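These notes are about the structure you will find just below.
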Amino acid sequence: MSEMPPRLTANDYSYGLPDHWVQEKAEVTNHYPIMHDAYVSRAVDIIKTTGARTVIEVGCGDGWNCNKLVQAGLNVVGIDWSRNAIAYATILVPDAQFYCGDLRDPEFLERFPHPFDAAVFIEVIEHIPPEDCVNVLRNISASLKKGGVLVLTTPSINLPNTNPQHYRHFDETTLRELISEVGGLEITSIEGYGDIPCETGMYRKLRWFQNRYFTIKPIARKLLDGYKKYCLDRPLDRCAGFILKIEKLS
């Protein structure tokens with residue numbers, strides 16, 4: 001088990017640049033942008049199928065995910081504790097609303113007094129100290145209407161935790177126990193995204209065409225594009241991460 005990082009603060013997420021937007025325009029040299037686009041798109045699709053009209057993204061960062069939600073025709077609010085992130089998001093996604101702070105802030109509650117139809121919590125819970133996760137999820141649940149849906153994504157323990165900003169990665173049992181402890185929520189589906197054995201096999205091939213000495217771009221691009229079919233609906237015992245659909249019962 002990896003050592004827990006020290007308690008992180010907003011300064012640890014200073015967003016010196018809008019990295020998700022930069023990544024979108026950059027030459028794809030690994031599978032992460034492909035996988036990221038896949039699980040975000042899947043989260044948006046799940047929200048759309050619920051018939052939701054209003055959605056909040058908790059931990060919205062630089063607004064890239066919020067933009068996907070706006071493009072899907074949803075009324076979007078994003079919240080994050082990083083001032084830089086919210087500054088970027090406000091400029092880059094003018095059709096959404098943003099707030100820098102906490103869901104419990106009186107200012108936030110005054111500005112957004114009505115419960116949301118849906119919420120997304122995309123690759124955030126792994127950044128939260130384990131002892132705080134239940135309360136954070138309860139606060140998200142409180143922002144939802146009865147019958148509202150939360151879509152949560154997070155890395156699996158199948159993926160080694162080498163990120164100093166991740167407190168832990170999850171397995172299905174831990175996620176189910178966590179949601180049960182929150183109370184008033186029910187997991188209605190768990191899907192796997194990414195495929196660790198397929199990633200390993202792809203990189204064994206890719207190193208012959210993309211390395212520090214040379215890159216044969218057409219072949220490298222073809223290998224990376226081929227990974228797209230392994231990004232969603234993957235077995236939980238080999239997936240890189242989880243996509244949970246969670247309903248608020250009361």
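Labeling convention for the structure tokens: chains A, B, ... as they appear, residues from 1 per chain, ligands from 1 in order of appearance.
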
| field | Backbone DSSP call of helix (DSSP H, G or I) for region 60-107 of chain A, listed as a PyMOL selection string | value | chain A and resi 64-71+83-92+106-107

| request: For His169 (chain A), please output as a PyMOL selection string all residues within 7 Å (counting only C-alpha atoms; exclusion window: fewer than 4 positions along the same chain). | output: chain A and resi 126+155-157+161

Would you save the residues from that selection as a short mmCIF file (atom, residue, chain, number, x, y, z; two decimals), in the first residue's frame, using all heavy atoms?
data_model
loop_
_atom_site.label_atom_id
_atom_site.label_comp_id
_atom_site.auth_asym_id
_atom_site.auth_seq_id
_atom_site.Cartn_x
_atom_site.Cartn_y
_atom_site.Cartn_z
N GLU A 126 -10.27 10.38 -5.03
CA GLU A 126 -8.94 9.87 -4.69
C GLU A 126 -8.03 10.97 -4.14
O GLU A 126 -7.01 10.69 -3.52
CB GLU A 126 -8.29 9.21 -5.92
CG GLU A 126 -8.03 10.12 -7.09
CD GLU A 126 -9.21 10.28 -8.03
OE1 GLU A 126 -10.33 9.83 -7.69
OE2 GLU A 126 -9.01 10.86 -9.11
N PRO A 155 -9.94 6.10 -9.93
CA PRO A 155 -9.03 5.01 -10.31
C PRO A 155 -9.23 3.74 -9.47
O PRO A 155 -9.62 3.81 -8.30
CB PRO A 155 -7.65 5.60 -10.08
CG PRO A 155 -7.82 7.07 -10.12
CD PRO A 155 -9.19 7.30 -9.54
N SER A 156 -8.93 2.61 -10.08
CA SER A 156 -9.00 1.30 -9.43
C SER A 156 -7.65 0.94 -8.82
O SER A 156 -6.60 1.42 -9.27
CB SER A 156 -9.40 0.25 -10.47
OG SER A 156 -9.09 -1.05 -10.03
N ILE A 157 -7.67 0.06 -7.83
CA ILE A 157 -6.42 -0.45 -7.26
C ILE A 157 -5.64 -1.28 -8.28
O ILE A 157 -4.46 -1.57 -8.07
CB ILE A 157 -6.66 -1.30 -5.99
CG1 ILE A 157 -7.58 -2.49 -6.29
CG2 ILE A 157 -7.21 -0.45 -4.86
CD1 ILE A 157 -7.67 -3.48 -5.15
N ASN A 161 -0.84 3.29 -7.56
CA ASN A 161 -0.95 4.69 -7.16
C ASN A 161 0.44 5.31 -7.06
O ASN A 161 1.11 5.22 -6.04
CB ASN A 161 -1.68 4.80 -5.81
CG ASN A 161 -1.88 6.26 -5.40
OD1 ASN A 161 -1.60 7.17 -6.16
ND2 ASN A 161 -2.37 6.46 -4.19
#

| message | Residues near Ser141 (chain A), anyone? I mean within 8 Å using only C-alpha atoms, not counting same-chain ones fewer than 6 positions away, as a list in words. | response |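 Contacts, with the query itself left out: Leu150, Leu185 and Lys248 of chain A.
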
| task | For Ile246 (chain A), list every protein, DNA or RNA residue within 10 Å, evaluated using only C-alpha atoms, and leave out those in the same chain fewer than 5 positions away; present the list as a PyMOL selection string. | result | chain A and resi 118-119+141+147-152+179+185-190

Could you turn the residues from that selection into a file that holds all heavy atoms, as a compact mmCIF listing (two decimals), in the first residue's frame?
# COMPACT_ATOMS: atom_id res chain seq x y z
N ALA A 118 -28.70 16.50 -10.99
CA ALA A 118 -27.60 15.54 -11.08
C ALA A 118 -26.29 16.21 -10.64
O ALA A 118 -26.19 17.44 -10.57
CB ALA A 118 -27.47 15.03 -12.52
N ALA A 119 -25.32 15.36 -10.34
CA ALA A 119 -23.98 15.83 -9.99
C ALA A 119 -22.96 14.89 -10.59
O ALA A 119 -23.23 13.70 -10.78
CB ALA A 119 -23.81 15.89 -8.47
N SER A 141 -24.62 14.87 -1.79
CA SER A 141 -25.98 14.34 -1.75
C SER A 141 -26.98 15.41 -1.33
O SER A 141 -28.09 15.49 -1.89
CB SER A 141 -26.04 13.15 -0.78
OG SER A 141 -27.34 12.63 -0.70
N GLY A 147 -34.18 11.49 -5.83
CA GLY A 147 -34.19 10.84 -7.14
C GLY A 147 -33.10 11.32 -8.06
O GLY A 147 -32.95 10.79 -9.17
N GLY A 148 -32.33 12.31 -7.59
CA GLY A 148 -31.22 12.81 -8.40
C GLY A 148 -30.10 11.78 -8.52
O GLY A 148 -30.03 10.83 -7.74
N VAL A 149 -29.23 12.00 -9.49
CA VAL A 149 -28.18 11.03 -9.79
C VAL A 149 -26.80 11.67 -9.65
O VAL A 149 -26.57 12.80 -10.09
CB VAL A 149 -28.35 10.47 -11.22
CG1 VAL A 149 -27.12 9.68 -11.66
CG2 VAL A 149 -29.58 9.58 -11.28
N LEU A 150 -25.91 10.93 -9.01
CA LEU A 150 -24.50 11.29 -8.92
C LEU A 150 -23.69 10.30 -9.76
O LEU A 150 -23.85 9.08 -9.60
CB LEU A 150 -24.04 11.23 -7.46
CG LEU A 150 -22.51 11.25 -7.20
CD1 LEU A 150 -21.89 12.54 -7.68
CD2 LEU A 150 -22.23 11.00 -5.73
N VAL A 151 -22.85 10.81 -10.64
CA VAL A 151 -21.91 9.97 -11.38
C VAL A 151 -20.52 10.24 -10.82
O VAL A 151 -20.05 11.38 -10.83
CB VAL A 151 -21.96 10.23 -12.89
CG1 VAL A 151 -20.92 9.38 -13.60
CG2 VAL A 151 -23.35 9.92 -13.44
N LEU A 152 -19.89 9.19 -10.33
CA LEU A 152 -18.57 9.28 -9.70
C LEU A 152 -17.61 8.40 -10.47
O LEU A 152 -17.92 7.25 -10.77
CB LEU A 152 -18.68 8.83 -8.24
CG LEU A 152 -17.44 8.82 -7.35
CD1 LEU A 152 -17.87 8.91 -5.88
CD2 LEU A 152 -16.58 7.57 -7.53
N ILE A 179 -20.28 4.24 0.00
CA ILE A 179 -21.61 4.76 -0.35
C ILE A 179 -22.64 4.33 0.67
O ILE A 179 -23.54 5.09 1.04
CB ILE A 179 -22.00 4.31 -1.78
CG1 ILE A 179 -21.01 4.85 -2.81
CG2 ILE A 179 -23.43 4.74 -2.11
CD1 ILE A 179 -20.84 6.36 -2.80
N LEU A 185 -28.19 6.83 -0.30
CA LEU A 185 -27.74 6.69 -1.67
C LEU A 185 -27.71 5.21 -2.06
O LEU A 185 -27.49 4.35 -1.20
CB LEU A 185 -26.33 7.27 -1.86
CG LEU A 185 -26.12 8.75 -1.61
CD1 LEU A 185 -24.64 9.10 -1.71
CD2 LEU A 185 -26.93 9.60 -2.57
N GLU A 186 -27.93 4.94 -3.33
CA GLU A 186 -27.88 3.58 -3.83
C GLU A 186 -27.08 3.53 -5.13
O GLU A 186 -27.36 4.29 -6.06
CB GLU A 186 -29.29 3.03 -4.08
CG GLU A 186 -29.30 1.61 -4.60
CD GLU A 186 -30.70 1.11 -4.89
OE1 GLU A 186 -31.54 1.93 -5.31
OE2 GLU A 186 -30.95 -0.10 -4.71
N ILE A 187 -26.09 2.64 -5.19
CA ILE A 187 -25.36 2.43 -6.44
C ILE A 187 -26.24 1.61 -7.38
O ILE A 187 -26.65 0.50 -7.05
CB ILE A 187 -24.03 1.69 -6.18
CG1 ILE A 187 -23.11 2.52 -5.29
CG2 ILE A 187 -23.34 1.36 -7.51
CD1 ILE A 187 -21.85 1.78 -4.86
N THR A 188 -26.53 2.16 -8.54
CA THR A 188 -27.38 1.45 -9.50
C THR A 188 -26.56 0.78 -10.61
O THR A 188 -27.07 -0.11 -11.29
CB THR A 188 -28.43 2.39 -10.13
OG1 THR A 188 -27.77 3.50 -10.74
CG2 THR A 188 -29.38 2.91 -9.05
N SER A 189 -25.31 1.20 -10.78
CA SER A 189 -24.43 0.50 -11.72
C SER A 189 -22.98 0.86 -11.43
O SER A 189 -22.67 1.96 -10.96
CB SER A 189 -24.76 0.86 -13.18
OG SER A 189 -24.43 2.19 -13.48
N ILE A 190 -22.10 -0.10 -11.70
CA ILE A 190 -20.65 0.12 -11.65
C ILE A 190 -20.06 -0.41 -12.95
O ILE A 190 -20.24 -1.57 -13.29
CB ILE A 190 -19.97 -0.58 -10.46
CG1 ILE A 190 -20.52 -0.06 -9.13
CG2 ILE A 190 -18.46 -0.36 -10.51
CD1 ILE A 190 -19.81 -0.66 -7.92

| Excluding same-chain residues fewer than 3 positions from Lys145 (chain A), what lies within 6 Å of it counting only C-alpha atoms, as number ranges by chain? | A: 115-117, 148

| task | Can you pull out every residue within 12 Å of Thr29 (chain A), counting only C-alpha atoms, but drop anything in the same chain fewer than 5 positions away, and send it as a ChimeraX atom specification? | result | /A:23-24,34,203,206-207,209-211,215-225

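Between CA of Thr54 (chain A) and CA of Val120 (chain A) there is a distance of 11.1 Å.
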
| task | Name the closest residue to Phe98 (chain A) among the candidates A:Gly73, A:Asn67, A:Tyr193, A:Asp19; distances are taken between atoms, counting only C-alpha atoms. | result |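 Ranking A:Gly73, A:Asn67, A:Tyr193, A:Asp19 by distance to Phe98 (chain A), first place goes to A:Asn67.
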
| field | In region 104-231 of chain A, DSSP strand (DSSP E) residues written as a list in words | value |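 Strand (DSSP E) assignments inside region 104-231 of chain A correspond to Phe116, Asp117, Ala118, Ala119, Val120, Phe121, Ile122, Leu144, Lys145, Lys146, Gly147, Gly148, Val149, Leu150, Val151, Leu152, Thr153, Thr154, Pro155, Leu185, Glu186, Ile187, Thr188, Ser189, Ile190, Glu191, Gly192 and Tyr193 of chain A.
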
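Take the candidates A:Thr50, A:Thr200, A:Asn163, A:Asn139 and check each one against Glu247 (chain A) using only C-alpha atoms; the shortest distance goes to A:Thr50.
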
| said: Need to verify the contact set: Pro130 (chain A), 8 Å, only C-alpha atoms, exclusion of same-chain residues closer than 2 positions in sequence. Can you return it as a VMD selection string? | reply: chain A and resid 128 132 to 133 167 to 168
